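A.B. asks: Next up, input.txt (compact mmCIF, N, CA and C atoms).
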```txt
# COMPACT_ATOMS: atom_id res chain seq x y z
N MET A 17 -31.15 53.32 -81.73
CA MET A 17 -31.96 52.13 -81.95
C MET A 17 -33.21 52.24 -81.08
N ASP A 18 -34.39 52.12 -81.71
CA ASP A 18 -35.62 52.20 -80.93
C ASP A 18 -35.99 50.82 -80.39
N ILE A 19 -37.08 50.76 -79.64
CA ILE A 19 -37.48 49.51 -78.97
C ILE A 19 -37.80 48.40 -79.97
N PHE A 20 -38.37 48.77 -81.15
CA PHE A 20 -38.70 47.75 -82.14
C PHE A 20 -37.45 47.16 -82.77
N ASP A 21 -36.46 48.00 -83.05
CA ASP A 21 -35.19 47.49 -83.57
C ASP A 21 -34.55 46.55 -82.56
N GLU A 22 -34.60 46.94 -81.30
CA GLU A 22 -34.02 46.10 -80.25
C GLU A 22 -34.74 44.76 -80.17
N MET A 23 -36.07 44.77 -80.26
CA MET A 23 -36.84 43.54 -80.20
C MET A 23 -36.52 42.61 -81.36
N PHE A 24 -36.41 43.16 -82.55
CA PHE A 24 -36.20 42.34 -83.74
C PHE A 24 -34.75 41.87 -83.89
N ASN A 25 -33.83 42.43 -83.12
CA ASN A 25 -32.44 42.01 -83.17
C ASN A 25 -32.12 40.92 -82.17
N LYS A 26 -33.11 40.43 -81.47
CA LYS A 26 -32.90 39.38 -80.48
C LYS A 26 -33.34 38.03 -81.05
N THR A 27 -32.70 36.99 -80.57
CA THR A 27 -33.07 35.64 -80.99
C THR A 27 -34.37 35.25 -80.29
N PRO A 28 -35.07 34.23 -80.82
CA PRO A 28 -36.26 33.76 -80.12
C PRO A 28 -35.98 33.36 -78.67
N LYS A 29 -34.82 32.77 -78.43
CA LYS A 29 -34.47 32.37 -77.06
C LYS A 29 -34.31 33.59 -76.17
N GLU A 30 -33.63 34.63 -76.66
CA GLU A 30 -33.44 35.84 -75.86
C GLU A 30 -34.78 36.51 -75.55
N LYS A 31 -35.67 36.56 -76.54
CA LYS A 31 -37.00 37.15 -76.31
C LYS A 31 -37.79 36.33 -75.30
N PHE A 32 -37.69 35.01 -75.41
CA PHE A 32 -38.40 34.11 -74.50
C PHE A 32 -37.92 34.31 -73.06
N ILE A 33 -36.61 34.42 -72.88
CA ILE A 33 -36.07 34.63 -71.54
C ILE A 33 -36.57 35.95 -70.96
N GLU A 34 -36.65 36.98 -71.78
CA GLU A 34 -37.20 38.26 -71.31
C GLU A 34 -38.66 38.11 -70.89
N ILE A 35 -39.42 37.36 -71.67
CA ILE A 35 -40.84 37.15 -71.33
C ILE A 35 -40.95 36.42 -70.00
N ILE A 36 -40.11 35.42 -69.80
CA ILE A 36 -40.14 34.67 -68.53
C ILE A 36 -39.77 35.58 -67.36
N GLN A 37 -38.75 36.39 -67.56
CA GLN A 37 -38.29 37.27 -66.48
C GLN A 37 -39.34 38.31 -66.10
N ASN A 38 -40.15 38.71 -67.06
CA ASN A 38 -41.11 39.78 -66.81
C ASN A 38 -42.56 39.32 -66.83
N GLY A 39 -42.77 38.03 -67.04
CA GLY A 39 -44.12 37.52 -67.22
C GLY A 39 -44.92 37.42 -65.93
N ASN A 40 -46.22 37.41 -66.11
CA ASN A 40 -47.17 37.20 -65.02
C ASN A 40 -46.99 35.78 -64.48
N LEU A 41 -46.86 35.64 -63.17
CA LEU A 41 -46.61 34.33 -62.58
C LEU A 41 -47.73 33.33 -62.86
N GLY A 42 -48.96 33.79 -62.86
CA GLY A 42 -50.08 32.90 -63.16
C GLY A 42 -50.01 32.38 -64.59
N ALA A 43 -49.67 33.26 -65.52
CA ALA A 43 -49.54 32.86 -66.92
C ALA A 43 -48.38 31.89 -67.10
N LEU A 44 -47.26 32.18 -66.45
CA LEU A 44 -46.09 31.29 -66.53
C LEU A 44 -46.44 29.90 -65.98
N GLU A 45 -47.10 29.88 -64.85
CA GLU A 45 -47.46 28.60 -64.23
C GLU A 45 -48.36 27.78 -65.16
N LYS A 46 -49.37 28.40 -65.71
CA LYS A 46 -50.32 27.69 -66.58
C LYS A 46 -49.63 27.16 -67.84
N VAL A 47 -48.83 28.00 -68.49
CA VAL A 47 -48.18 27.60 -69.73
C VAL A 47 -47.19 26.47 -69.48
N PHE A 48 -46.39 26.59 -68.42
CA PHE A 48 -45.41 25.54 -68.15
C PHE A 48 -46.07 24.26 -67.65
N GLU A 49 -47.15 24.37 -66.93
CA GLU A 49 -47.89 23.18 -66.51
C GLU A 49 -48.36 22.39 -67.73
N ASN A 50 -48.94 23.10 -68.69
CA ASN A 50 -49.40 22.45 -69.93
C ASN A 50 -48.23 21.89 -70.73
N PHE A 51 -47.13 22.65 -70.82
CA PHE A 51 -45.96 22.20 -71.57
C PHE A 51 -45.39 20.91 -70.97
N PHE A 52 -45.25 20.87 -69.65
CA PHE A 52 -44.70 19.68 -69.01
C PHE A 52 -45.65 18.50 -69.11
N SER A 53 -46.94 18.74 -69.08
CA SER A 53 -47.91 17.64 -69.28
C SER A 53 -47.74 17.03 -70.67
N GLU A 54 -47.60 17.89 -71.68
CA GLU A 54 -47.38 17.39 -73.04
C GLU A 54 -46.06 16.64 -73.15
N TYR A 55 -45.03 17.15 -72.52
CA TYR A 55 -43.71 16.50 -72.53
C TYR A 55 -43.79 15.10 -71.91
N ILE A 56 -44.43 15.01 -70.75
CA ILE A 56 -44.57 13.72 -70.08
C ILE A 56 -45.36 12.74 -70.95
N ALA A 57 -46.43 13.22 -71.56
CA ALA A 57 -47.23 12.36 -72.43
C ALA A 57 -46.40 11.86 -73.61
N MET A 58 -45.59 12.74 -74.19
CA MET A 58 -44.76 12.32 -75.33
C MET A 58 -43.73 11.27 -74.91
N ILE A 59 -43.12 11.46 -73.76
CA ILE A 59 -42.14 10.48 -73.26
C ILE A 59 -42.82 9.13 -73.05
N GLU A 60 -43.98 9.15 -72.45
CA GLU A 60 -44.71 7.89 -72.21
C GLU A 60 -45.07 7.21 -73.54
N LEU A 61 -45.53 8.00 -74.51
CA LEU A 61 -45.87 7.43 -75.82
C LEU A 61 -44.65 6.85 -76.52
N LEU A 62 -43.51 7.52 -76.41
CA LEU A 62 -42.28 7.00 -77.00
C LEU A 62 -41.89 5.67 -76.36
N GLU A 63 -41.99 5.61 -75.04
CA GLU A 63 -41.65 4.37 -74.34
C GLU A 63 -42.58 3.24 -74.73
N LYS A 64 -43.86 3.54 -74.94
CA LYS A 64 -44.81 2.51 -75.38
C LYS A 64 -44.48 2.01 -76.78
N GLN A 65 -43.82 2.86 -77.57
CA GLN A 65 -43.41 2.47 -78.93
C GLN A 65 -42.05 1.78 -78.94
N GLY A 66 -41.48 1.58 -77.76
CA GLY A 66 -40.20 0.88 -77.65
C GLY A 66 -38.98 1.78 -77.79
N LEU A 67 -39.18 3.09 -77.75
CA LEU A 67 -38.06 4.02 -77.84
C LEU A 67 -37.66 4.47 -76.44
N ASN A 68 -36.38 4.77 -76.26
CA ASN A 68 -35.91 5.18 -74.93
C ASN A 68 -35.05 6.43 -75.02
N GLU A 69 -34.46 6.79 -73.90
CA GLU A 69 -33.66 8.01 -73.80
C GLU A 69 -32.48 8.00 -74.78
N ILE A 70 -31.87 6.86 -74.98
CA ILE A 70 -30.74 6.76 -75.92
C ILE A 70 -31.20 7.06 -77.34
N ASP A 71 -32.36 6.55 -77.72
CA ASP A 71 -32.92 6.84 -79.05
C ASP A 71 -33.14 8.34 -79.23
N VAL A 72 -33.66 8.98 -78.20
CA VAL A 72 -33.92 10.42 -78.25
C VAL A 72 -32.60 11.18 -78.39
N LYS A 73 -31.62 10.82 -77.59
CA LYS A 73 -30.32 11.51 -77.65
C LYS A 73 -29.65 11.32 -79.01
N ASN A 74 -29.75 10.12 -79.56
CA ASN A 74 -29.19 9.87 -80.90
C ASN A 74 -29.88 10.73 -81.95
N PHE A 75 -31.20 10.85 -81.85
CA PHE A 75 -31.94 11.68 -82.79
C PHE A 75 -31.48 13.12 -82.70
N ILE A 76 -31.29 13.61 -81.49
CA ILE A 76 -30.83 14.98 -81.29
C ILE A 76 -29.46 15.18 -81.93
N LEU A 77 -28.55 14.24 -81.71
CA LEU A 77 -27.21 14.34 -82.28
C LEU A 77 -27.22 14.32 -83.80
N GLU A 78 -28.08 13.50 -84.36
CA GLU A 78 -28.14 13.33 -85.81
C GLU A 78 -28.91 14.45 -86.52
N ASN A 79 -29.69 15.22 -85.77
CA ASN A 79 -30.56 16.23 -86.37
C ASN A 79 -30.43 17.58 -85.68
N GLY A 80 -29.20 17.99 -85.41
CA GLY A 80 -28.94 19.20 -84.66
C GLY A 80 -29.58 20.46 -85.24
N ASP A 81 -29.47 20.64 -86.56
CA ASP A 81 -30.05 21.85 -87.18
C ASP A 81 -31.57 21.86 -87.06
N PHE A 82 -32.18 20.70 -87.30
CA PHE A 82 -33.63 20.59 -87.18
C PHE A 82 -34.07 20.89 -85.74
N ILE A 83 -33.34 20.34 -84.77
CA ILE A 83 -33.67 20.55 -83.36
C ILE A 83 -33.57 22.03 -83.03
N GLU A 84 -32.53 22.70 -83.50
CA GLU A 84 -32.37 24.14 -83.23
C GLU A 84 -33.53 24.95 -83.81
N GLN A 85 -33.96 24.62 -85.02
CA GLN A 85 -35.09 25.32 -85.62
C GLN A 85 -36.36 25.10 -84.81
N ARG A 86 -36.57 23.86 -84.39
CA ARG A 86 -37.78 23.56 -83.61
C ARG A 86 -37.73 24.21 -82.23
N GLN A 87 -36.53 24.33 -81.64
CA GLN A 87 -36.41 25.02 -80.37
C GLN A 87 -36.86 26.47 -80.52
N ASN A 88 -36.43 27.11 -81.60
CA ASN A 88 -36.85 28.48 -81.85
C ASN A 88 -38.36 28.57 -81.97
N ASP A 89 -38.96 27.60 -82.67
CA ASP A 89 -40.42 27.57 -82.79
C ASP A 89 -41.09 27.45 -81.42
N ILE A 90 -40.51 26.62 -80.56
CA ILE A 90 -41.08 26.41 -79.23
C ILE A 90 -40.93 27.66 -78.38
N TYR A 91 -39.76 28.33 -78.46
CA TYR A 91 -39.58 29.59 -77.71
C TYR A 91 -40.65 30.59 -78.11
N ILE A 92 -40.89 30.71 -79.41
CA ILE A 92 -41.89 31.66 -79.91
C ILE A 92 -43.29 31.24 -79.44
N GLU A 93 -43.61 29.96 -79.60
CA GLU A 93 -44.94 29.47 -79.23
C GLU A 93 -45.22 29.68 -77.74
N LEU A 94 -44.27 29.31 -76.89
CA LEU A 94 -44.48 29.47 -75.45
C LEU A 94 -44.56 30.95 -75.07
N GLY A 95 -43.73 31.77 -75.69
CA GLY A 95 -43.78 33.22 -75.43
C GLY A 95 -45.14 33.80 -75.76
N VAL A 96 -45.68 33.40 -76.90
CA VAL A 96 -47.00 33.88 -77.31
C VAL A 96 -48.08 33.40 -76.32
N LYS A 97 -47.97 32.15 -75.90
CA LYS A 97 -48.95 31.62 -74.95
C LYS A 97 -48.89 32.37 -73.62
N ILE A 98 -47.67 32.64 -73.15
CA ILE A 98 -47.52 33.37 -71.88
C ILE A 98 -48.12 34.76 -72.02
N LEU A 99 -47.79 35.46 -73.08
CA LEU A 99 -48.32 36.81 -73.28
C LEU A 99 -49.83 36.78 -73.49
N GLY A 100 -50.33 35.73 -74.13
CA GLY A 100 -51.77 35.60 -74.34
C GLY A 100 -52.54 35.42 -73.05
N HIS A 101 -51.95 34.75 -72.08
CA HIS A 101 -52.59 34.55 -70.78
C HIS A 101 -52.61 35.83 -69.96
N GLU A 102 -51.66 36.73 -70.26
CA GLU A 102 -51.60 37.99 -69.51
C GLU A 102 -52.65 38.98 -69.96
N GLY A 103 -53.03 38.87 -71.25
CA GLY A 103 -53.93 39.86 -71.82
C GLY A 103 -55.36 39.72 -71.42
```
For the structure just supplied, provide its representation as structure tokens.
C.D. replies:
Amino acid sequence: MDIFDEMFNKTPKEKFIEIIQNGNLGALEKVFENFFSEYIAMIELLEKQGLNEIDVKNFILENGDFIEQRQNDIYIELGVKILGHEG
């Protein structure tokens, strides 16, 4: 198995963890700083709309497959951003 086969046989989460383990610290810091800022903003906006942590947890429970797909999208997106900052 060559390196490309190995790369394509990994899940988005596994690839993301490898990127984090080997990534440039400056790139990691910048990407996660932006990610957490967006997360905080979303939580604040949800609270302003009258939604709370229980609503979020219920949504997760009711939409497990959708959440898993979106997690994979986020792993890929953050991995690309981290690698983009290194280049």
A.B. asks: Record the distance separating atom CA of A:Asp89 and atom C of A:Lys31, expressed in Å with one decimal.
C.D. replies: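 Taking atom CA of A:Asp89 and atom C of A:Lys31, their separation equals 11.8 Å.
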A.B. asks: Taking into account only C-alpha atoms, which residue in the set A:Gly42, A:Gly66, A:Pro28, A:Gly80 is nearest to A:Glu93?
C.D. replies: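 With only C-alpha atoms as the atom set, the closest residue is A:Pro28.
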A.B. asks: Would you compute the distance between atom CA of A:Glu45 and atom CA of A:Leu94? Give it in Å to one decimal.
C.D. replies: 11.6 Å
A.B. asks: Go ahead and compute the interatomic distance for atom N of A:Phe82 and atom N of A:Lys29, in Å to one decimal.
C.D. replies: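 Distance reported for this atom pair: 15.2 Å.
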A.B. asks: Fewer than 6 positions away in the same chain doesn't count, so skip those; otherwise give me all residues within 8 Å of A:Leu99, counting all atoms listed in the file, as a PDB file with N, CA and C atoms, in the frame of the given file.
C.D. replies:
```
ATOM      1  N   ILE A  35     -39.420  37.360 -71.670  1.00  0.00           N
ATOM      2  CA  ILE A  35     -40.840  37.150 -71.330  1.00  0.00           C
ATOM      3  C   ILE A  35     -40.950  36.420 -70.000  1.00  0.00           C
ATOM      4  N   GLY A  39     -42.770  38.030 -67.040  1.00  0.00           N
ATOM      5  CA  GLY A  39     -44.120  37.520 -67.220  1.00  0.00           C
ATOM      6  C   GLY A  39     -44.920  37.420 -65.930  1.00  0.00           C
ATOM      7  N   ASN A  40     -46.220  37.410 -66.110  1.00  0.00           N
ATOM      8  CA  ASN A  40     -47.170  37.200 -65.020  1.00  0.00           C
ATOM      9  C   ASN A  40     -46.990  35.780 -64.480  1.00  0.00           C
ATOM     10  N   ALA A  43     -49.670  33.260 -65.520  1.00  0.00           N
ATOM     11  CA  ALA A  43     -49.540  32.860 -66.920  1.00  0.00           C
ATOM     12  C   ALA A  43     -48.380  31.890 -67.100  1.00  0.00           C
ATOM     13  N   LEU A  44     -47.260  32.180 -66.450  1.00  0.00           N
ATOM     14  CA  LEU A  44     -46.090  31.290 -66.530  1.00  0.00           C
ATOM     15  C   LEU A  44     -46.440  29.900 -65.980  1.00  0.00           C
ATOM     16  N   GLU A  93     -43.610  29.960 -79.600  1.00  0.00           N
ATOM     17  CA  GLU A  93     -44.940  29.470 -79.230  1.00  0.00           C
ATOM     18  C   GLU A  93     -45.220  29.680 -77.740  1.00  0.00           C
TER      19      GLU A  93
END
```
